[in-house]
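Structure file work-v4.csv (CSV, C-alpha atoms) is printed below.
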```csv
chain,number,residue,atom,x,y,z
X,1,MET,CA,175.3,-94.3,102.2
X,2,LYS,CA,172.5,-93.7,99.7
X,3,GLU,CA,173.3,-93.3,96.0
X,4,ILE,CA,171.6,-91.8,93.0
X,5,LYS,CA,170.4,-94.5,90.7
X,6,ASN,CA,169.2,-94.7,87.1
X,7,MET,CA,172.4,-93.2,85.6
X,8,SER,CA,173.6,-95.2,82.7
X,9,ARG,CA,176.5,-94.3,80.4
X,10,PRO,CA,176.8,-95.4,76.8
X,11,LYS,CA,179.9,-97.1,75.5
X,12,GLY,CA,180.4,-94.4,72.9
X,13,SER,CA,178.9,-91.5,71.0
X,14,ARG,CA,178.2,-90.9,67.3
X,15,VAL,CA,177.1,-88.3,64.8
X,16,SER,CA,173.6,-89.6,63.9
X,17,GLY,CA,172.6,-86.8,61.5
X,18,ILE,CA,173.9,-83.9,59.5
X,19,GLY,CA,171.9,-80.8,58.3
X,20,VAL,CA,172.9,-77.5,56.7
X,21,TYR,CA,171.5,-74.3,55.5
X,22,ARG,CA,173.0,-72.4,52.5
X,23,PRO,CA,171.7,-68.8,52.1
X,24,LYS,CA,169.9,-68.3,48.7
X,25,ARG,CA,172.0,-65.5,47.3
X,26,LYS,CA,175.2,-66.5,45.5
X,27,VAL,CA,177.9,-63.8,45.4
X,28,SER,CA,180.6,-64.0,42.7
X,29,ASN,CA,184.1,-62.6,42.9
X,30,GLU,CA,183.2,-60.1,40.2
X,31,GLU,CA,180.6,-58.6,42.5
X,32,ILE,CA,183.1,-58.2,45.4
X,33,ALA,CA,186.2,-57.3,43.5
X,34,PRO,CA,185.5,-53.6,42.7
X,35,LEU,CA,185.0,-52.7,46.3
X,36,ILE,CA,188.5,-54.0,47.2
X,37,ASP,CA,190.3,-52.9,44.0
X,38,SER,CA,190.7,-56.5,43.1
X,39,SER,CA,189.7,-59.1,40.5
X,40,ASP,CA,188.3,-62.6,40.1
X,41,LYS,CA,191.8,-63.9,39.4
X,42,TRP,CA,193.3,-62.2,42.4
X,43,ILE,CA,190.7,-63.6,44.8
X,44,ARG,CA,190.9,-67.1,43.3
X,45,GLU,CA,194.7,-67.2,43.5
X,46,ARG,CA,194.8,-66.0,47.2
X,47,SER,CA,191.9,-68.2,48.5
X,48,GLY,CA,190.6,-70.6,45.9
X,49,ILE,CA,187.2,-69.1,46.4
X,50,ILE,CA,184.9,-68.8,43.3
X,51,GLN,CA,181.7,-67.7,45.0
X,52,ARG,CA,180.1,-67.5,48.5
X,53,ARG,CA,176.6,-67.0,49.9
X,54,TYR,CA,175.3,-63.9,51.6
X,55,ALA,CA,172.3,-64.1,53.9
X,56,SER,CA,169.2,-61.9,53.4
X,57,ASP,CA,167.6,-59.9,56.2
X,58,LYS,CA,165.3,-62.9,56.8
X,59,GLU,CA,168.1,-65.4,56.9
X,60,THR,CA,169.1,-64.6,60.4
X,61,VAL,CA,171.6,-66.6,62.6
X,62,SER,CA,168.6,-68.2,64.3
X,63,ALA,CA,166.7,-68.9,61.1
X,64,MET,CA,169.6,-70.5,59.4
X,65,ALA,CA,170.4,-72.6,62.5
X,66,ILE,CA,166.8,-73.7,62.8
X,67,ALA,CA,166.8,-74.9,59.1
X,68,ALA,CA,170.1,-76.7,59.6
X,69,CYS,CA,168.8,-78.4,62.8
X,70,GLU,CA,165.6,-79.5,61.2
X,71,GLU,CA,167.5,-81.1,58.4
X,72,ALA,CA,169.9,-82.8,60.8
X,73,LEU,CA,167.0,-84.2,62.9
X,74,LYS,CA,165.4,-85.6,59.7
X,75,ASP,CA,168.7,-87.1,58.7
X,76,SER,CA,169.1,-88.7,62.1
X,77,LYS,CA,165.5,-89.9,62.3
X,78,ILE,CA,165.4,-88.5,65.9
X,79,SER,CA,162.5,-86.5,67.1
X,80,SER,CA,163.1,-83.0,68.4
X,81,ILE,CA,161.4,-83.9,71.7
X,82,ASP,CA,164.2,-86.5,72.3
X,83,ILE,CA,166.9,-83.8,72.1
X,84,ASP,CA,168.3,-83.0,75.6
X,85,LEU,CA,170.6,-80.2,74.7
X,86,VAL,CA,171.0,-77.6,72.0
X,87,ILE,CA,174.5,-76.0,71.6
X,88,LEU,CA,174.9,-73.1,69.2
X,89,ALA,CA,178.4,-72.1,68.1
X,90,THR,CA,178.4,-68.6,66.7
X,91,ALA,CA,180.5,-65.4,66.7
X,92,THR,CA,177.8,-63.4,65.0
X,93,ASN,CA,174.8,-63.1,67.3
X,94,PRO,CA,173.9,-59.4,66.6
X,95,ALA,CA,172.9,-58.8,70.2
X,96,GLN,CA,174.7,-59.4,73.5
X,97,LEU,CA,171.7,-61.2,74.8
X,98,PRO,CA,169.6,-63.2,74.8
X,99,ASN,CA,171.7,-66.0,73.4
X,100,LEU,CA,170.1,-67.7,70.4
X,101,ALA,CA,170.2,-71.4,71.3
X,102,MET,CA,167.0,-71.1,73.4
X,103,GLU,CA,165.0,-69.7,70.5
X,104,ILE,CA,166.4,-72.4,68.2
X,105,ALA,CA,165.5,-75.1,70.7
X,106,THR,CA,161.9,-73.8,71.1
X,107,LYS,CA,161.3,-73.3,67.4
X,108,ILE,CA,162.4,-76.8,66.4
X,109,GLY,CA,160.2,-78.3,69.2
X,110,ALA,CA,163.1,-79.4,71.4
X,111,THR,CA,161.0,-78.7,74.5
X,112,ASN,CA,162.9,-81.1,76.7
X,113,ALA,CA,166.3,-79.5,75.9
X,114,GLY,CA,168.7,-77.2,77.7
X,115,ALA,CA,170.2,-74.7,75.4
X,116,TYR,CA,173.2,-72.4,75.3
X,117,ASP,CA,175.6,-70.6,73.0
X,118,ILE,CA,179.4,-71.1,72.9
X,119,GLY,CA,182.0,-68.8,71.3
X,120,ALA,CA,185.2,-70.1,69.8
X,121,ALA,CA,184.9,-68.5,66.4
X,122,CYS,CA,186.1,-70.7,63.6
X,123,SER,CA,186.8,-73.5,66.1
X,124,GLY,CA,183.3,-73.2,67.5
X,125,PHE,CA,181.8,-76.2,65.8
X,126,SER,CA,184.6,-78.5,66.7
X,127,TYR,CA,184.5,-77.4,70.3
X,128,GLY,CA,180.7,-77.8,70.3
X,129,LEU,CA,181.0,-81.3,68.9
X,130,SER,CA,183.3,-82.3,71.7
X,131,ILE,CA,181.0,-80.8,74.3
X,132,ALA,CA,178.1,-82.6,72.8
X,133,SER,CA,180.0,-85.9,72.7
X,134,GLN,CA,181.0,-85.5,76.3
X,135,ALA,CA,177.4,-84.8,77.3
X,136,VAL,CA,176.3,-88.0,75.7
X,137,LEU,CA,179.2,-90.0,77.0
X,138,SER,CA,178.5,-88.8,80.6
X,139,GLY,CA,175.0,-90.2,80.3
X,140,GLU,CA,173.5,-86.8,81.2
X,141,CYS,CA,172.1,-86.3,77.7
X,142,LYS,CA,170.9,-88.8,75.2
X,143,ASN,CA,170.8,-86.8,72.1
X,144,VAL,CA,172.4,-83.4,71.6
X,145,LEU,CA,172.2,-80.9,68.7
X,146,VAL,CA,175.2,-78.9,67.9
X,147,VAL,CA,174.8,-76.2,65.3
X,148,GLY,CA,177.2,-73.6,63.9
X,149,SER,CA,175.5,-70.6,62.3
X,150,GLU,CA,177.1,-67.4,61.2
X,151,ARG,CA,176.4,-64.1,59.4
X,152,MET,CA,180.0,-63.1,59.0
X,153,THR,CA,179.0,-60.4,56.5
X,154,ASP,CA,177.4,-58.4,59.4
X,155,PHE,CA,180.9,-58.1,61.0
X,156,VAL,CA,183.2,-57.8,58.0
X,157,SER,CA,183.9,-54.5,56.2
X,158,GLU,CA,183.1,-54.9,52.5
X,159,LYS,CA,186.0,-52.6,51.7
X,160,ASP,CA,188.7,-54.5,53.7
X,161,ARG,CA,191.1,-56.2,51.2
X,162,GLY,CA,192.2,-58.7,53.9
X,163,THR,CA,188.8,-60.1,54.8
X,164,ALA,CA,186.0,-59.0,52.5
X,165,PHE,CA,186.5,-61.7,49.8
X,166,LEU,CA,186.9,-64.5,52.4
X,167,PHE,CA,184.0,-64.5,54.7
X,168,ALA,CA,180.4,-65.4,54.2
X,169,ASP,CA,177.2,-66.8,55.8
X,170,GLY,CA,175.6,-70.2,56.4
X,171,ALA,CA,174.8,-72.8,59.0
X,172,GLY,CA,175.4,-76.5,59.7
X,173,ALA,CA,174.3,-79.0,62.4
X,174,PHE,CA,175.1,-82.4,63.8
X,175,VAL,CA,172.9,-84.6,66.0
X,176,VAL,CA,175.1,-86.5,68.5
X,177,SER,CA,173.7,-89.7,70.0
X,178,PRO,CA,174.8,-92.7,72.1
X,179,SER,CA,176.6,-95.6,70.4
X,180,GLU,CA,177.8,-99.1,71.2
X,181,LYS,CA,181.2,-98.0,69.8
X,182,THR,CA,183.4,-95.0,69.9
X,183,GLU,CA,182.4,-93.0,66.8
X,184,ILE,CA,183.6,-89.5,67.9
X,185,SER,CA,187.2,-89.4,69.2
X,186,ALA,CA,188.5,-87.3,72.1
X,187,PRO,CA,189.5,-83.8,70.9
X,188,THR,CA,193.0,-82.4,70.5
X,189,TRP,CA,192.2,-78.9,71.3
X,190,GLY,CA,194.0,-75.8,72.6
X,191,ALA,CA,194.2,-72.0,72.6
X,192,ASP,CA,197.0,-69.5,72.4
X,193,GLY,CA,195.7,-66.2,73.8
X,194,ASN,CA,199.1,-64.6,73.1
X,195,LEU,CA,198.0,-64.5,69.4
X,196,ASN,CA,194.5,-63.1,70.0
X,197,ASP,CA,195.2,-59.9,68.1
X,198,TRP,CA,195.9,-61.8,64.8
X,199,ILE,CA,192.2,-62.2,64.3
X,200,CYS,CA,190.1,-59.7,66.2
X,201,MET,CA,187.8,-56.7,65.9
X,202,THR,CA,189.0,-53.2,64.9
X,203,LYS,CA,187.5,-51.8,68.2
X,204,ASP,CA,185.2,-52.8,71.0
X,205,TRP,CA,181.6,-51.5,71.4
X,206,PRO,CA,182.4,-48.9,74.2
X,207,THR,CA,185.1,-47.4,71.9
X,208,TYR,CA,182.7,-47.2,69.0
X,209,MET,CA,180.0,-45.6,71.1
X,210,ASN,CA,182.4,-42.9,72.4
X,211,GLU,CA,183.3,-42.0,68.9
X,212,LYS,CA,181.2,-39.5,67.0
X,213,ASP,CA,181.4,-40.8,63.4
X,214,GLY,CA,183.5,-43.9,63.6
X,215,ASP,CA,183.3,-47.0,61.4
X,216,PHE,CA,181.5,-50.0,63.0
X,217,PRO,CA,183.6,-52.6,64.7
X,218,ALA,CA,184.7,-55.0,62.0
X,219,LEU,CA,186.8,-58.2,61.8
X,220,LYS,CA,190.4,-57.7,61.0
X,221,MET,CA,193.1,-60.3,60.4
X,222,GLU,CA,196.8,-60.6,60.1
X,223,GLY,CA,196.5,-62.9,57.0
X,224,GLN,CA,200.1,-63.8,56.5
X,225,LYS,CA,200.7,-64.6,60.2
X,226,VAL,CA,197.5,-66.7,60.5
X,227,PHE,CA,198.4,-68.5,57.2
X,228,ARG,CA,201.9,-69.4,58.6
X,229,TRP,CA,200.4,-70.5,61.9
X,230,ALA,CA,197.8,-72.7,60.3
X,231,ILE,CA,200.0,-74.4,57.8
X,232,THR,CA,202.6,-75.3,60.4
X,233,GLU,CA,200.8,-75.8,63.7
X,234,MET,CA,197.7,-77.6,62.3
X,235,VAL,CA,199.8,-80.4,60.8
X,236,GLY,CA,201.1,-81.4,64.3
X,237,ILE,CA,197.6,-81.1,65.7
X,238,ALA,CA,196.2,-83.4,63.0
X,239,HIS,CA,198.9,-86.0,63.8
X,240,LYS,CA,198.1,-85.8,67.5
X,241,THR,CA,194.4,-86.2,66.8
X,242,LEU,CA,194.9,-89.3,64.7
X,243,GLU,CA,197.3,-90.7,67.3
X,244,LYS,CA,194.7,-90.2,70.0
X,245,ALA,CA,192.1,-91.9,67.9
X,246,GLY,CA,194.5,-94.8,67.3
X,247,ILE,CA,194.4,-94.5,63.5
X,248,GLY,CA,196.7,-93.4,60.7
X,249,VAL,CA,196.1,-91.2,57.6
X,250,GLU,CA,195.5,-94.4,55.6
X,251,ASP,CA,192.4,-95.2,57.7
X,252,LEU,CA,190.7,-91.9,56.8
X,253,GLY,CA,188.0,-91.6,54.3
X,254,ALA,CA,187.9,-87.8,54.4
X,255,PHE,CA,189.8,-84.7,55.6
X,256,VAL,CA,187.5,-81.9,56.6
X,257,PRO,CA,189.4,-78.9,57.8
X,258,HIS,CA,187.8,-75.5,58.6
X,259,GLN,CA,187.4,-73.9,55.2
X,260,ALA,CA,189.5,-70.8,56.0
X,261,ASN,CA,191.3,-70.7,52.7
X,262,GLN,CA,191.9,-73.4,50.1
X,263,ARG,CA,195.6,-72.7,50.2
X,264,ILE,CA,195.7,-73.6,53.9
X,265,THR,CA,193.8,-76.8,53.1
X,266,ASP,CA,196.2,-77.6,50.3
X,267,HIS,CA,199.2,-77.1,52.5
X,268,ILE,CA,198.0,-79.2,55.4
X,269,ALA,CA,196.8,-82.0,53.1
X,270,LYS,CA,200.2,-82.1,51.4
X,271,SER,CA,202.1,-82.1,54.7
X,272,LEU,CA,199.9,-84.9,56.0
X,273,ASN,CA,200.7,-87.0,52.9
X,274,LEU,CA,197.1,-88.0,52.6
X,275,PRO,CA,196.7,-91.1,50.4
X,276,PRO,CA,194.7,-90.5,47.1
X,277,HIS,CA,191.6,-92.3,48.5
X,278,VAL,CA,191.1,-89.6,51.2
X,279,ALA,CA,188.5,-87.1,50.1
X,280,ILE,CA,189.6,-83.5,50.8
X,281,ALA,CA,186.7,-81.1,51.7
X,282,ARG,CA,186.8,-78.0,49.4
X,283,ASP,CA,183.3,-76.6,50.1
X,284,GLY,CA,184.9,-73.2,50.8
X,285,VAL,CA,185.4,-72.8,47.0
X,286,ASN,CA,181.6,-72.2,46.7
X,287,MET,CA,180.8,-71.1,50.2
X,288,GLY,CA,183.7,-69.0,51.4
X,289,ASN,CA,184.7,-69.0,55.1
X,290,THR,CA,181.5,-69.3,57.2
X,291,SER,CA,183.4,-69.6,60.5
X,292,ALA,CA,181.7,-72.1,62.8
X,293,ALA,CA,179.5,-73.4,60.0
X,294,THR,CA,182.3,-74.6,57.6
X,295,ILE,CA,182.8,-78.1,58.9
X,296,PRO,CA,179.2,-79.4,58.7
X,297,LEU,CA,178.7,-77.6,55.4
X,298,ALA,CA,181.9,-79.2,54.0
X,299,LEU,CA,181.0,-82.7,55.2
X,300,ASP,CA,177.5,-82.3,53.9
X,301,THR,CA,178.9,-81.6,50.4
X,302,LEU,CA,181.2,-84.6,50.5
X,303,ARG,CA,178.3,-86.8,51.5
X,304,ARG,CA,176.0,-85.4,48.8
X,305,ASN,CA,178.6,-85.8,46.1
X,306,GLY,CA,179.2,-89.4,47.2
X,307,GLU,CA,182.9,-88.6,48.1
X,308,VAL,CA,182.4,-90.2,51.5
X,309,LYS,CA,180.1,-92.9,52.5
X,310,SER,CA,178.5,-93.9,55.8
X,311,GLY,CA,181.0,-95.6,58.0
X,312,ASP,CA,184.1,-93.8,56.7
X,313,LEU,CA,186.4,-92.0,59.1
X,314,ALA,CA,186.7,-88.3,58.8
X,315,LEU,CA,189.3,-86.0,60.4
X,316,LEU,CA,187.6,-82.7,61.3
X,317,MET,CA,189.8,-79.7,62.3
X,318,GLY,CA,188.6,-76.3,63.5
X,319,PHE,CA,191.0,-73.3,63.9
X,320,GLY,CA,190.8,-69.6,64.0
X,321,ALA,CA,190.4,-66.6,66.3
X,322,GLY,CA,191.7,-66.9,69.8
X,323,LEU,CA,193.8,-68.4,68.4
X,324,ALA,CA,191.9,-71.6,69.1
X,325,TYR,CA,191.9,-75.0,67.5
X,326,SER,CA,190.3,-78.4,67.9
X,327,GLY,CA,190.5,-81.6,65.9
X,328,GLN,CA,188.6,-84.9,66.2
X,329,VAL,CA,187.9,-88.0,64.2
X,330,ILE,CA,184.3,-89.1,63.6
X,331,VAL,CA,182.6,-92.0,61.8
X,332,VAL,CA,180.5,-90.4,59.0
X,333,PRO,CA,176.8,-91.2,59.5
M,1,MET,CA,228.0,-67.6,50.6
M,2,THR,CA,228.2,-65.2,47.7
M,3,ASP,CA,225.3,-63.0,46.6
M,4,GLU,CA,225.0,-65.1,43.4
M,5,GLN,CA,224.7,-68.3,45.4
M,6,ILE,CA,221.9,-66.9,47.5
M,7,VAL,CA,220.1,-65.6,44.5
M,8,SER,CA,220.4,-69.0,42.8
M,9,ASP,CA,219.1,-70.8,45.9
M,10,LEU,CA,216.2,-68.3,46.2
M,11,ALA,CA,215.4,-68.9,42.5
M,12,VAL,CA,215.0,-72.6,43.2
M,13,ILE,CA,212.8,-71.9,46.2
M,14,LEU,CA,210.7,-69.4,44.2
M,15,ASN,CA,210.2,-71.9,41.5
M,16,GLU,CA,209.2,-74.7,43.9
M,17,VAL,CA,206.9,-72.6,46.0
M,18,ALA,CA,205.4,-70.1,43.6
M,19,GLY,CA,206.2,-71.5,40.1
M,20,VAL,CA,208.4,-68.6,39.2
M,21,ASP,CA,210.7,-69.1,36.2
M,22,GLN,CA,214.2,-69.4,37.7
M,23,SER,CA,215.8,-67.5,34.8
M,24,LYS,CA,213.7,-64.4,35.7
M,25,VAL,CA,215.1,-64.2,39.2
M,26,SER,CA,217.7,-61.5,39.9
M,27,ALA,CA,218.6,-59.2,42.7
M,28,ALA,CA,216.7,-56.2,41.2
M,29,LYS,CA,213.4,-58.0,40.8
M,30,SER,CA,210.5,-57.2,43.0
M,31,PHE,CA,208.8,-60.2,44.5
M,32,LEU,CA,205.3,-58.8,44.0
M,33,ASP,CA,205.5,-56.6,40.9
M,34,ASP,CA,208.0,-58.5,38.8
M,35,LEU,CA,207.8,-62.1,40.0
M,36,GLU,CA,204.1,-62.0,41.0
M,37,VAL,CA,204.7,-63.7,44.4
M,38,ASP,CA,201.6,-62.9,46.4
M,39,SER,CA,201.5,-62.3,50.1
M,40,LEU,CA,200.7,-66.0,51.0
M,41,SER,CA,203.4,-67.3,48.6
M,42,MET,CA,205.8,-64.9,50.3
M,43,VAL,CA,205.1,-66.6,53.6
M,44,GLU,CA,206.0,-69.9,52.0
M,45,VAL,CA,209.1,-68.5,50.4
M,46,VAL,CA,210.2,-67.1,53.8
M,47,MET,CA,209.6,-70.4,55.5
M,48,ALA,CA,211.6,-72.3,52.8
M,49,ALA,CA,214.4,-69.7,53.0
M,50,GLU,CA,214.6,-70.0,56.8
M,51,ASP,CA,215.1,-73.7,56.4
M,52,LYS,CA,217.6,-73.4,53.5
M,53,PHE,CA,219.8,-70.7,55.0
M,54,GLY,CA,219.3,-71.4,58.7
M,55,VAL,CA,218.1,-67.9,59.5
M,56,LYS,CA,215.0,-66.5,61.3
M,57,ILE,CA,213.1,-63.9,59.3
M,58,PRO,CA,210.8,-62.1,61.7
M,59,ASP,CA,207.2,-61.2,60.5
M,60,GLU,CA,207.9,-57.5,60.9
M,61,GLU,CA,211.0,-57.9,58.6
M,62,VAL,CA,209.1,-59.6,55.8
M,63,LYS,CA,207.4,-56.5,54.7
M,64,ASN,CA,210.8,-54.8,54.1
M,65,LEU,CA,211.9,-57.5,51.7
M,66,ARG,CA,210.6,-55.9,48.6
M,67,THR,CA,213.2,-57.2,46.1
M,68,VAL,CA,215.2,-60.4,45.8
M,69,GLY,CA,218.3,-58.2,46.6
M,70,ASP,CA,216.6,-57.1,49.9
M,71,ALA,CA,216.2,-60.8,50.8
M,72,VAL,CA,219.9,-61.5,49.9
M,73,ALA,CA,221.1,-58.6,52.1
M,74,PHE,CA,219.0,-59.8,55.0
M,75,ILE,CA,220.1,-63.4,54.7
M,76,LYS,CA,223.8,-62.4,54.6
M,77,LYS,CA,223.4,-60.2,57.6
M,78,ALA,CA,221.5,-62.8,59.6
M,79,SER,CA,223.5,-65.9,58.8
```
Output the file's structure in the form of structure tokens.
Amino acid sequence: MKEIKNMSRPKGSRVSGIGVYRPKRKVSNEEIAPLIDSSDKWIRERSGIIQRRYASDKETVSAMAIAACEEALKDSKISSIDIDLVILATATNPAQLPNLAMEIATKIGATNAGAYDIGAACSGFSYGLSIASQAVLSGECKNVLVVGSERMTDFVSEKDRGTAFLFADGAGAFVVSPSEKTEISAPTWGADGNLNDWICMTKDWPTYMNEKDGDFPALKMEGQKVFRWAITEMVGIAHKTLEKAGIGVEDLGAFVPHQANQRITDHIAKSLNLPPHVAIARDGVNMGNTSAATIPLALDTLRRNGEVKSGDLALLMGFGAGLAYSGQVIVVP
Amino acid sequence: MTDEQIVSDLAVILNEVAGVDQSKVSAAKSFLDDLEVDSLSMVEVVMAAEDKFGVKIPDEEVKNLRTVGDAVAFIKKAS
């Protein structure tokens, strides 16, 4: 029997570069508060958020993703022509099609790459990172770009007290490459579709089109329910993720959860009994919740501030609409 | 358990979870307006109360618990 040759598989995969894009415009709590009958104090107490970034018309989902990918390529020192796959995680592509990963791949010069979008909302980046790692481990791709890019402000009502102060815009990307060691752990992921109406849209597009003067479909969230789910379920998921990776909390250099709300981060970190040397990502304080972009943005900030160094282990955790979640441990590049 | 015991235990929980001064807690006090317990802290209070009193407080019930007295009545009925 004949067989296909020239298929080699690496021993492991690694994150070889990180890049981000932060929209130019900073938006304070004071700017948002009047629209939701609120105050800077009220927003800070409920979320820990001090400011966030809002994208301009020119800072599209694609444009922000391209900027993040270019920075990640530079950080990894890998050329765009050596990228075999581009995965975009987004919930905010303004059009049903085309998907945006193709445009991103072309504009960054990844002319040898396949490209597609995935949708897992706030877990999207974690899911994408696992897919990218699997593609490298299988030997089918050498280098993969995974990018989360979101314009949440296009899909959030500025007058909704439950969401307006939380969500924001931004992008972040990882390059994933082969390694001699395991530098990205297997994911602990899952989805509970029974809870899908806890974070969803106020209506679908056909309903909107059949209405005469309805409001546009906007994000809505059962904040208290999601809060309780996150602070209870994610602790067990974190433990499982560490167990799968064969490490304990004492081995971590950083904890980088999805930046949904700083009070969720506080709770999970406390329940995990993280030792004092573990840096806890709090990028959401200045960036809000950028859905699939929070994890790379938060890790970028820890790196820039010198709170983690190359070679440290970081526990990443995505969770959100679906409800979906995914955790993995990586070696910080 | 007497109402006073439940109020006293709730006062301890409110102090631990939301930093509420225990001496301010009484049946007539509103969680939000008087004790400044916000919606997320209320979730934490409910979770701690479930553990302490061995009861289940359903999500749809939480919005009916406006005052400490409402919570006491629910806990007595459920336990």
Residues of chain M that have any atom at most 12 Å from an atom of chain X: could you tabulate them with the shortest-distance atom pair and the distance in Å to one decimal, using all atoms listed in the file, ordered by chain and increasing number, as a tab-separated table?
```
residue	atom	partner	partner_atom	distance
M:Val17	CA	X:His267	CA	11.0
M:Ala18	CA	X:Glu45	CA	11.1
M:Glu36	CA	X:Trp42	CA	10.9
M:Val37	CA	X:Arg46	CA	10.5
M:Asp38	CA	X:Arg46	CA	7.5
M:Ser39	CA	X:Gln224	CA	6.7
M:Leu40	CA	X:Gln224	CA	6.0
M:Ser41	CA	X:Arg46	CA	8.8
M:Met42	CA	X:Gln224	CA	8.5
M:Val43	CA	X:Gln224	CA	6.4
M:Glu44	CA	X:Arg228	CA	7.8
M:Val45	CA	X:Arg228	CA	10.9
M:Val46	CA	X:Arg228	CA	9.9
M:Met47	CA	X:Arg228	CA	8.4
M:Ala48	CA	X:Arg228	CA	11.7
M:Pro58	CA	X:Lys225	CA	10.5
M:Asp59	CA	X:Lys225	CA	7.3
M:Glu60	CA	X:Lys225	CA	10.1
M:Val62	CA	X:Gln224	CA	10.0
M:Lys63	CA	X:Gln224	CA	10.5
```
Need to verify the contact set: Leu166 (chain X), 12 Å, all atoms listed in the file, exclusion of same-chain residues closer than 6 positions in sequence. Can you return it as a JSON list (two decimals) with C-alpha atoms, keeping the file's coordinate frame?
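What follows is the written file around.json:
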```json
[["chain", "number", "residue", "atom", "x", "y", "z"],
["X", 27, "VAL", "CA", 177.90, -63.80, 45.40],
["X", 28, "SER", "CA", 180.60, -64.00, 42.70],
["X", 29, "ASN", "CA", 184.10, -62.60, 42.90],
["X", 32, "ILE", "CA", 183.10, -58.20, 45.40],
["X", 33, "ALA", "CA", 186.20, -57.30, 43.50],
["X", 36, "ILE", "CA", 188.50, -54.00, 47.20],
["X", 43, "ILE", "CA", 190.70, -63.60, 44.80],
["X", 44, "ARG", "CA", 190.90, -67.10, 43.30],
["X", 46, "ARG", "CA", 194.80, -66.00, 47.20],
["X", 47, "SER", "CA", 191.90, -68.20, 48.50],
["X", 48, "GLY", "CA", 190.60, -70.60, 45.90],
["X", 49, "ILE", "CA", 187.20, -69.10, 46.40],
["X", 50, "ILE", "CA", 184.90, -68.80, 43.30],
["X", 51, "GLN", "CA", 181.70, -67.70, 45.00],
["X", 52, "ARG", "CA", 180.10, -67.50, 48.50],
["X", 53, "ARG", "CA", 176.60, -67.00, 49.90],
["X", 54, "TYR", "CA", 175.30, -63.90, 51.60],
["X", 152, "MET", "CA", 180.00, -63.10, 59.00],
["X", 153, "THR", "CA", 179.00, -60.40, 56.50],
["X", 156, "VAL", "CA", 183.20, -57.80, 58.00],
["X", 157, "SER", "CA", 183.90, -54.50, 56.20],
["X", 158, "GLU", "CA", 183.10, -54.90, 52.50],
["X", 159, "LYS", "CA", 186.00, -52.60, 51.70],
["X", 160, "ASP", "CA", 188.70, -54.50, 53.70],
["X", 219, "LEU", "CA", 186.80, -58.20, 61.80],
["X", 220, "LYS", "CA", 190.40, -57.70, 61.00],
["X", 221, "MET", "CA", 193.10, -60.30, 60.40],
["X", 223, "GLY", "CA", 196.50, -62.90, 57.00],
["X", 259, "GLN", "CA", 187.40, -73.90, 55.20],
["X", 260, "ALA", "CA", 189.50, -70.80, 56.00],
["X", 261, "ASN", "CA", 191.30, -70.70, 52.70],
["X", 262, "GLN", "CA", 191.90, -73.40, 50.10],
["X", 284, "GLY", "CA", 184.90, -73.20, 50.80],
["X", 285, "VAL", "CA", 185.40, -72.80, 47.00],
["X", 286, "ASN", "CA", 181.60, -72.20, 46.70],
["X", 287, "MET", "CA", 180.80, -71.10, 50.20],
["X", 288, "GLY", "CA", 183.70, -69.00, 51.40],
["X", 289, "ASN", "CA", 184.70, -69.00, 55.10],
["X", 290, "THR", "CA", 181.50, -69.30, 57.20],
["X", 291, "SER", "CA", 183.40, -69.60, 60.50]]
```
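Taking CA of Glu307 (chain X) as the reference point, CA of Asn143 (chain X) is found at 26.9 Å.
Residues lying at most 7 Å from (174.5, -90.0, 85.2) in file coordinates, with all atoms listed in the file considered, are Met7, Ser8, Arg9, Ser138, Gly139 and Glu140 of chain X.
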Using the selection just defined, write its residues with C-alpha atoms as a short mmCIF file (atom, residue, chain, number, x, y, z; two decimals), in the frame of the given file.
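Okay, this is what ended up in again_16.cif:
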```cif
data_model
loop_
_atom_site.label_atom_id
_atom_site.label_comp_id
_atom_site.auth_asym_id
_atom_site.auth_seq_id
_atom_site.Cartn_x
_atom_site.Cartn_y
_atom_site.Cartn_z
CA MET X 7 172.40 -93.20 85.60
CA SER X 8 173.60 -95.20 82.70
CA ARG X 9 176.50 -94.30 80.40
CA SER X 138 178.50 -88.80 80.60
CA GLY X 139 175.00 -90.20 80.30
CA GLU X 140 173.50 -86.80 81.20
#
```
Given all atoms listed in the file, how would the per-residue table for region 86-123 of chain X near region 64-76 of chain X read, listing every residue at most 10 Å away with its closest atom pair and distance in Å to one decimal, sorted by chain and number, as CSV?
```
residue,atom,partner,partner_atom,distance
X:Val86,CA,X:Cys69,CA,9.5
X:Leu88,CA,X:Ala65,CA,8.1
X:Ala89,CA,X:Ala65,CA,9.8
X:Thr90,CA,X:Ala65,CA,9.9
X:Leu100,CA,X:Ala65,CA,9.3
X:Ala101,CA,X:Ala65,CA,8.9
X:Glu103,CA,X:Ile66,CA,8.9
X:Ile104,CA,X:Ile66,CA,5.6
X:Ala105,CA,X:Ile66,CA,8.1
X:Thr106,CA,X:Ile66,CA,9.6
X:Lys107,CA,X:Ile66,CA,7.2
X:Ile108,CA,X:Ile66,CA,6.5
X:Gly109,CA,X:Glu70,CA,9.7
```
- Take CA of Val331 (chain X) and CA of Cys122 (chain X) and report the distance between them in Å, one decimal. 21.7 Å
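CA of Ala115 (chain X) lies 24.3 Å from CA of Leu299 (chain X).
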Please put the answer as JSON: centre and edge lengths, in Å with one decimal, of a box along x, y and z that encloses all listed atoms of region 62-68 of chain M plus 3 Å on each side.
```
{"center_x": 211.3, "center_y": -57.6, "center_z": 50.8, "size_x": 13.8, "size_y": 11.6, "size_z": 16.0}
```
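Residue nearest Val7 (chain M), chosen from M:Val20, M:Leu65, M:Ala27, M:Leu32 and counting only C-alpha atoms: M:Ala27.
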